[in-house]
$ cat protein.txt   # compact mmCIF, C-alpha atoms
# COMPACT_ATOMS: atom_id res chain seq x y z
CA VAL A 1 -67.78 -120.46 39.04
CA LEU A 2 -70.37 -117.73 39.80
CA ALA A 3 -72.84 -119.28 37.33
CA MET A 4 -72.33 -122.69 38.97
CA SER A 5 -72.93 -121.19 42.42
CA ARG A 6 -76.12 -119.54 41.25
CA LEU A 7 -77.29 -122.81 39.72
CA THR A 8 -76.46 -124.71 42.93
CA PHE A 9 -78.31 -122.17 45.08
CA ARG A 10 -81.31 -122.26 42.71
CA ILE A 11 -81.46 -126.08 42.76
CA LEU A 12 -81.32 -126.06 46.57
CA ASP A 13 -84.01 -123.36 46.71
CA VAL A 14 -86.34 -125.47 44.57
CA ILE A 15 -85.67 -128.66 46.55
CA TYR A 16 -86.17 -126.95 49.92
CA ALA A 17 -89.20 -124.93 48.79
CA LEU A 18 -90.86 -128.06 47.36
CA GLY A 19 -90.12 -129.97 50.55
CA LEU A 20 -91.34 -127.15 52.79
CA GLY A 21 -94.38 -126.59 50.59
CA LEU A 22 -95.39 -130.23 50.76
CA LEU A 23 -94.60 -130.57 54.46
CA LEU A 24 -96.37 -127.34 55.43
CA SER A 25 -99.25 -127.43 52.93
CA PRO A 26 -101.82 -128.65 55.51
CA PHE A 27 -100.65 -125.93 57.90
CA ILE A 28 -100.65 -123.25 55.17
CA LEU A 29 -104.19 -124.30 54.24
CA ALA A 30 -105.24 -124.13 57.92
CA VAL A 31 -103.76 -120.62 58.29
CA ALA A 32 -105.49 -119.51 55.07
CA LEU A 33 -108.80 -120.86 56.35
CA PHE A 34 -108.23 -119.19 59.74
CA VAL A 35 -107.59 -115.81 58.06
CA LEU A 36 -110.64 -116.25 55.83
CA LEU A 37 -112.96 -117.14 58.72
CA ARG A 38 -111.62 -114.47 61.12
CA GLU A 39 -111.02 -111.58 58.72
CA GLY A 40 -112.86 -112.43 55.51
CA PRO A 41 -111.43 -112.16 52.03
CA PRO A 42 -108.92 -111.54 50.66
CA VAL A 43 -106.69 -114.08 52.38
CA PHE A 44 -103.49 -113.08 50.58
CA TYR A 45 -101.82 -109.73 50.08
CA GLY A 46 -99.49 -108.98 47.19
CA SER A 47 -96.91 -106.20 47.27
CA GLU A 48 -94.68 -105.13 44.39
CA ARG A 49 -90.97 -105.60 45.12
CA MET A 50 -87.88 -105.03 42.99
CA HIS A 51 -85.75 -107.81 41.55
CA ASP A 52 -83.66 -105.73 39.20
CA PRO A 53 -83.66 -102.08 38.07
CA VAL A 54 -86.45 -102.61 35.50
CA ARG A 55 -88.41 -105.58 36.80
CA SER A 56 -90.62 -106.06 39.80
CA PHE A 57 -92.51 -109.05 41.15
CA THR A 58 -95.43 -109.60 43.49
CA LEU A 59 -94.35 -110.76 46.94
CA TRP A 60 -97.13 -112.79 48.59
CA LYS A 61 -98.10 -112.83 52.25
CA PHE A 62 -101.14 -113.69 54.29
CA ARG A 63 -103.17 -110.51 54.71
CA THR A 64 -102.56 -108.93 58.12
CA MET A 65 -104.24 -105.54 57.71
CA ARG A 66 -107.73 -104.22 57.06
CA PRO A 67 -108.04 -103.07 53.44
CA THR A 68 -108.12 -99.36 52.66
CA GLU A 69 -110.75 -97.71 50.48
CA ARG A 70 -108.21 -97.82 47.65
CA ASP A 71 -108.04 -101.62 48.10
CA GLY A 72 -111.82 -101.94 48.08
CA GLY A 73 -112.25 -101.82 51.85
CA VAL A 74 -113.81 -99.16 54.02
CA THR A 75 -111.03 -98.42 56.52
CA GLY A 76 -108.34 -95.79 56.13
CA GLY A 77 -105.81 -94.52 58.64
CA ASP A 78 -102.24 -95.36 59.48
CA LYS A 79 -100.82 -98.83 58.97
CA ALA A 80 -100.44 -99.73 62.65
CA ALA A 81 -104.11 -99.01 63.32
CA ARG A 82 -105.13 -101.24 60.39
CA ILE A 83 -103.35 -104.38 61.67
CA THR A 84 -105.94 -106.98 62.64
CA SER A 85 -105.64 -109.11 65.80
CA THR A 86 -105.10 -112.14 63.55
CA GLY A 87 -102.56 -110.14 61.57
CA ALA A 88 -100.62 -109.16 64.70
CA TRP A 89 -100.31 -112.83 65.62
CA LEU A 90 -99.29 -113.80 62.07
CA ARG A 91 -96.61 -111.10 62.03
CA ARG A 92 -95.29 -111.98 65.51
CA THR A 93 -94.94 -115.63 64.52
CA ARG A 94 -93.84 -114.72 60.96
CA LEU A 95 -96.48 -117.06 59.58
CA ASP A 96 -97.62 -114.23 57.30
CA GLU A 97 -94.50 -114.96 55.23
CA LEU A 98 -95.36 -118.61 54.42
CA PRO A 99 -96.89 -117.81 50.99
CA GLN A 100 -93.43 -116.64 49.88
CA ILE A 101 -92.59 -120.31 49.35
CA TRP A 102 -94.45 -119.78 46.06
CA ASN A 103 -92.16 -116.84 45.19
CA VAL A 104 -89.16 -119.12 45.78
CA LEU A 105 -90.58 -121.96 43.68
CA ILE A 106 -91.17 -119.73 40.65
CA GLY A 107 -87.71 -118.17 40.90
CA GLN A 108 -88.56 -114.66 42.08
CA MET A 109 -86.97 -115.14 45.49
CA SER A 110 -84.46 -117.33 47.28
CA LEU A 111 -84.89 -118.87 50.72
CA VAL A 112 -81.96 -116.76 51.96
CA GLY A 113 -80.96 -113.33 50.73
CA PRO A 114 -81.49 -109.62 51.29
CA ARG A 115 -85.04 -108.61 52.23
CA PRO A 116 -87.16 -107.77 49.16
CA VAL A 117 -87.56 -104.01 48.72
CA THR A 118 -90.05 -101.67 47.11
CA GLU A 119 -88.90 -99.26 44.42
CA PRO A 120 -88.58 -96.30 46.86
CA GLU A 121 -86.61 -98.51 49.29
CA LEU A 122 -84.21 -99.54 46.53
CA ALA A 123 -83.07 -95.93 46.20
CA MET A 124 -82.01 -96.03 49.86
CA TYR A 125 -79.31 -98.59 49.01
CA GLY A 126 -77.33 -95.86 47.22
CA HIS A 127 -74.05 -97.16 45.80
CA HIS A 128 -74.87 -100.64 47.23
CA LYS A 129 -77.87 -100.95 44.89
CA SER A 130 -76.07 -102.98 42.20
CA ALA A 131 -74.76 -105.44 44.82
CA TYR A 132 -78.27 -105.79 46.25
CA LEU A 133 -79.71 -106.50 42.81
CA SER A 134 -77.00 -109.08 42.01
CA VAL A 135 -78.87 -111.80 43.94
CA ARG A 136 -82.47 -112.84 44.45
CA PRO A 137 -84.10 -111.37 47.55
CA GLY A 138 -84.72 -113.86 50.35
CA VAL A 139 -87.52 -115.02 52.59
CA THR A 140 -84.95 -114.82 55.38
CA GLY A 141 -81.53 -113.24 55.70
CA MET A 142 -79.25 -111.17 57.89
CA TRP A 143 -81.71 -108.32 58.42
CA GLN A 144 -84.65 -110.64 58.97
CA VAL A 145 -82.72 -112.47 61.72
CA HIS A 146 -80.50 -109.75 63.23
CA GLY A 147 -82.00 -106.38 62.36
CA ARG A 148 -85.79 -106.46 62.45
CA MET A 149 -85.92 -104.65 65.78
CA SER A 150 -83.88 -101.79 64.35
CA GLY A 151 -85.91 -99.20 62.47
CA CYS A 152 -82.71 -97.84 60.95
CA TYR A 153 -82.52 -98.37 57.21
CA LYS A 154 -78.76 -97.74 57.24
CA ASN A 155 -78.42 -100.82 59.50
CA ARG A 156 -80.53 -102.85 57.06
CA VAL A 157 -78.31 -101.87 54.13
CA GLN A 158 -75.17 -102.74 56.13
CA LEU A 159 -76.55 -106.16 57.12
CA ASP A 160 -77.57 -106.92 53.52
CA ARG A 161 -74.15 -105.78 52.26
CA GLY A 162 -72.41 -107.95 54.88
CA TYR A 163 -74.43 -110.94 53.72
CA LEU A 164 -73.56 -110.26 50.08
CA ASP A 165 -69.83 -109.93 50.86
CA ALA A 166 -69.72 -113.32 52.62
CA ILE A 167 -72.43 -115.29 50.78
CA SER A 168 -71.94 -119.04 51.07
CA LEU A 169 -73.95 -122.21 51.47
CA LYS A 170 -72.66 -122.49 55.05
CA SER A 171 -73.86 -118.98 55.95
CA ASP A 172 -77.26 -119.66 54.33
CA ILE A 173 -77.71 -122.86 56.35
CA LYS A 174 -76.74 -120.97 59.52
CA LEU A 175 -79.29 -118.20 58.74
CA ILE A 176 -82.04 -120.78 58.11
CA GLY A 177 -81.30 -122.33 61.52
CA GLN A 178 -81.28 -118.91 63.21
CA THR A 179 -84.58 -118.09 61.50
CA ALA A 180 -86.17 -121.28 62.82
CA LEU A 181 -85.02 -120.41 66.37
CA SER A 182 -86.24 -116.84 65.97
CA VAL A 183 -89.67 -118.05 64.83
CA ILE A 184 -89.93 -120.53 67.71
CA ARG A 185 -88.90 -117.85 70.24
CA MET A 186 -90.89 -115.11 68.45
CA THR A 187 -87.87 -112.79 68.61
CA GLY A 188 -86.48 -110.41 66.05
CA CYS A 189 -89.99 -109.38 64.96
$ encode --input "protein.txt" --output "structure tokens"
Amino acid sequence: VLAMSRLTFRILDVIYALGLGLLLSPFILAVALFVLLREGPPVFYGSERMHDPVRSFTLWKFRTMRPTERDGGVTGGDKAARITSTGAWLRRTRLDELPQIWNVLIGQMSLVGPRPVTEPELAMYGHHKSAYLSVRPGVTGMWQVHGRMSGCYKNRVQLDRGYLDAISLKSDIKLIGQTALSVIRMTGC
């Protein structure tokens, strides 16, 4: 039954990601061009995230920060000071996350699931780590909709664990709807 559920969720992910990708491709191209013209290259930013204890993947976003010297740029400093005006708008509207449709299409992520984590963040899941790693991380999920305003990582782990304990197609559809409302209202950012 679990294998069938995973297959069903994967098929739906591919169908929805293809549909969204095709529907939003002109808009994604426009945002990419906007970032390029306003901020210069690179347009995309890749960050390593964990999928299982030994494997990571590159999560893609539109670039929202000035590069550091390490990245080939000239600006250092703390992260908040490096956010560009374009980047602040992309983050507020969550449009910076649109390139993750690619991560869904190639099977690294799901549309709905726990937020992708870095290797140091994975350690913060403690005894919940194996549950977290039992599913693909999601573009949206409980934390993305209900917990983004909370800086508390314990809250994030609890929201992800709650999602994992009650995972269903119905809850995923509900979270997708809540995400759409949150994006339109620019809340939960």
$ axis_aligned_box --input "protein.txt" --around "region 114-120 of chain A" --padding-each-side "8 Å" --output "AutoDock Vina command-line options"
--center_x -85.8 --center_y -103.0 --center_z 48.3 --size_x 24.6 --size_y 29.3 --size_z 23.8
$ residues_around --input "protein.txt" --residues "region 108-113 of chain A" --least-positions-apart "2" --cutoff "7 Å" --atoms "only C-alpha atoms" --output "PDB file with C-alpha atoms, in the coordinates of the input"
ATOM      1  CA  ASP A  13     -84.010-123.360  46.710  1.00  0.00           C
ATOM      2  CA  PHE A  57     -92.510-109.050  41.150  1.00  0.00           C
ATOM      3  CA  ASN A 103     -92.160-116.840  45.190  1.00  0.00           C
ATOM      4  CA  VAL A 104     -89.160-119.120  45.780  1.00  0.00           C
ATOM      5  CA  ILE A 106     -91.170-119.730  40.650  1.00  0.00           C
ATOM      6  CA  ARG A 115     -85.040-108.610  52.230  1.00  0.00           C
ATOM      7  CA  ARG A 136     -82.470-112.840  44.450  1.00  0.00           C
ATOM      8  CA  PRO A 137     -84.100-111.370  47.550  1.00  0.00           C
ATOM      9  CA  GLY A 138     -84.720-113.860  50.350  1.00  0.00           C
ATOM     10  CA  VAL A 139     -87.520-115.020  52.590  1.00  0.00           C
ATOM     11  CA  THR A 140     -84.950-114.820  55.380  1.00  0.00           C
ATOM     12  CA  GLY A 141     -81.530-113.240  55.700  1.00  0.00           C
ATOM     13  CA  ASP A 172     -77.260-119.660  54.330  1.00  0.00           C
TER      14      ASP A 172
END
$ closest_residue --input "protein.txt" --among "A:Arg92, A:His128, A:Arg63, A:Arg185" --to "Leu36 (chain A)" --atoms "all atoms listed in the file"
A:Arg63
$ closest_residue --input "protein.txt" --among "A:Pro41, A:Pro67, A:Gly107, A:Gly21" --to "Phe9 (chain A)" --atoms "only C-alpha atoms"
A:Gly107
$ atom_distance --input "protein.txt" --atom1 "CA of Leu7 (chain A)" --atom2 "CA of Ile167 (chain A)"
14.2 Å
$ closest_residue --input "protein.txt" --among "A:Thr86, A:Met65, A:Thr118, A:Ile11" --to "Arg38 (chain A)" --atoms "all atoms listed in the file"
A:Thr86
$ residues_around --input "protein.txt" --residues "Gly162 (chain A)" --least-positions-apart "6" --cutoff "12 Å" --atoms "only C-alpha atoms" --output "PDB file with C-alpha atoms, in the frame of the given file"
ATOM      1  CA  GLY A 113     -80.960-113.330  50.730  1.00  0.00           C
ATOM      2  CA  PRO A 114     -81.490-109.620  51.290  1.00  0.00           C
ATOM      3  CA  HIS A 128     -74.870-100.640  47.230  1.00  0.00           C
ATOM      4  CA  ALA A 131     -74.760-105.440  44.820  1.00  0.00           C
ATOM      5  CA  TYR A 132     -78.270-105.790  46.250  1.00  0.00           C
ATOM      6  CA  GLY A 141     -81.530-113.240  55.700  1.00  0.00           C
ATOM      7  CA  MET A 142     -79.250-111.170  57.890  1.00  0.00           C
ATOM      8  CA  TRP A 143     -81.710-108.320  58.420  1.00  0.00           C
ATOM      9  CA  HIS A 146     -80.500-109.750  63.230  1.00  0.00           C
ATOM     10  CA  ASN A 155     -78.420-100.820  59.500  1.00  0.00           C
ATOM     11  CA  ARG A 156     -80.530-102.850  57.060  1.00  0.00           C
ATOM     12  CA  SER A 168     -71.940-119.040  51.070  1.00  0.00           C
ATOM     13  CA  SER A 171     -73.860-118.980  55.950  1.00  0.00           C
TER      14      SER A 171
END
$ residues_around --input "protein.txt" --residues "region 22-32 of chain A" --least-positions-apart "6" --cutoff "12 Å" --atoms "only C-alpha atoms" --output "PyMOL selection string"
chain A and resi 14-16+38-45+61-64+86-87+89-90+93-102+105
$ atom_distance --input "protein.txt" --atom1 "CA of Arg161 (chain A)" --atom2 "CA of Gly126 (chain A)"
11.6 Å
$ atom_distance --input "protein.txt" --atom1 "CA of Val35 (chain A)" --atom2 "CA of Trp60 (chain A)"
14.4 Å
$ closest_residue --input "protein.txt" --among "A:Ser130, A:Ser5, A:Ser85, A:Thr179" --to "Asp52 (chain A)" --atoms "all atoms listed in the file"
A:Ser130
$ residues_around --input "protein.txt" --residues "Cys152 (chain A)" --least-positions-apart "6" --cutoff "12 Å" --atoms "only C-alpha atoms" --output "PyMOL selection string"
chain A and resi 124+143+158-159
$ write_last_selection --input "protein.txt" --atoms "C-alpha atoms" --output "compact mmCIF listing (two decimals), in the coordinates of the input"
# COMPACT_ATOMS: atom_id res chain seq x y z
CA MET A 124 -82.01 -96.03 49.86
CA TRP A 143 -81.71 -108.32 58.42
CA GLN A 158 -75.17 -102.74 56.13
CA LEU A 159 -76.55 -106.16 57.12
$ closest_residue --input "protein.txt" --among "A:Phe34, A:Val145, A:Pro116, A:Arg6" --to "Leu59 (chain A)" --atoms "all atoms listed in the file"
A:Pro116
$ closest_residue --input "protein.txt" --among "A:Ile176, A:Val117, A:Ile184, A:Leu12" --to "Asp160 (chain A)" --atoms "all atoms listed in the file"
A:Val117
$ residues_around --input "protein.txt" --residues "Thr58 (chain A)" --least-positions-apart "6" --cutoff "9 Å" --atoms "only C-alpha atoms" --output "PyMOL selection string"
chain A and resi 46-50+103+108
$ decode --input "protein.txt" --residues "region 85-151 of chain A" --atoms "C-alpha atoms" --output "compact mmCIF listing (two decimals), in the first residue's frame"
# COMPACT_ATOMS: atom_id res chain seq x y z
CA SER A 85 15.39 45.03 -3.63
CA THR A 86 14.31 42.63 -6.39
CA GLY A 87 15.12 39.73 -4.08
CA ALA A 88 13.01 41.16 -1.25
CA TRP A 89 10.03 41.35 -3.61
CA LEU A 90 10.65 37.82 -4.92
CA ARG A 91 10.83 36.44 -1.38
CA ARG A 92 7.72 38.34 -0.21
CA THR A 93 5.71 36.98 -3.14
CA ARG A 94 7.49 33.58 -2.97
CA LEU A 95 8.24 33.83 -6.68
CA ASP A 96 11.86 32.98 -5.87
CA GLU A 97 10.66 29.39 -5.36
CA LEU A 98 9.26 28.91 -8.90
CA PRO A 99 12.41 27.17 -10.24
CA GLN A 100 11.72 24.33 -7.78
CA ILE A 101 9.18 23.05 -10.31
CA TRP A 102 12.28 21.59 -11.98
CA ASN A 103 13.26 19.82 -8.74
CA VAL A 104 9.77 18.28 -8.64
CA LEU A 105 9.89 17.18 -12.29
CA ILE A 106 13.20 15.34 -11.87
CA GLY A 107 12.05 13.62 -8.68
CA GLN A 108 14.15 15.41 -6.08
CA MET A 109 11.18 17.12 -4.46
CA SER A 110 7.42 16.84 -4.18
CA LEU A 111 4.92 19.68 -4.49
CA VAL A 112 3.93 19.12 -0.85
CA GLY A 113 6.15 17.88 1.94
CA PRO A 114 8.52 19.00 4.67
CA ARG A 115 10.73 21.97 3.79
CA PRO A 116 14.07 20.88 2.27
CA VAL A 117 16.90 21.13 4.80
CA THR A 118 20.65 21.58 4.70
CA GLU A 119 22.89 18.98 6.32
CA PRO A 120 23.32 21.02 9.55
CA GLU A 121 19.54 21.56 9.73
CA LEU A 122 18.91 17.82 9.38
CA ALA A 123 20.71 17.23 12.68
CA MET A 124 18.15 19.50 14.37
CA TYR A 125 15.40 16.96 13.62
CA GLY A 126 16.91 14.62 16.24
CA HIS A 127 14.91 11.40 16.60
CA HIS A 128 12.45 12.70 13.93
CA LYS A 129 15.19 12.59 11.28
CA SER A 130 14.24 9.18 9.85
CA ALA A 131 10.58 10.24 9.53
CA TYR A 132 11.66 13.44 7.78
CA LEU A 133 13.81 11.49 5.33
CA SER A 134 11.02 8.99 4.59
CA VAL A 135 9.39 11.38 2.09
CA ARG A 136 10.56 13.84 -0.54
CA PRO A 137 10.84 17.41 0.68
CA GLY A 138 8.18 19.77 -0.67
CA VAL A 139 7.93 23.12 -2.39
CA THR A 140 5.13 23.82 0.08
CA GLY A 141 3.98 22.18 3.29
CA MET A 142 2.85 22.77 6.85
CA TRP A 143 5.81 24.93 7.84
CA GLN A 144 5.76 26.91 4.61
CA VAL A 145 2.07 27.75 5.16
CA HIS A 146 1.73 27.90 8.96
CA GLY A 147 5.18 28.43 10.44
CA ARG A 148 7.28 30.77 8.31
CA MET A 149 6.79 33.67 10.70
CA SER A 150 8.16 31.59 13.56
CA GLY A 151 11.93 31.56 13.83
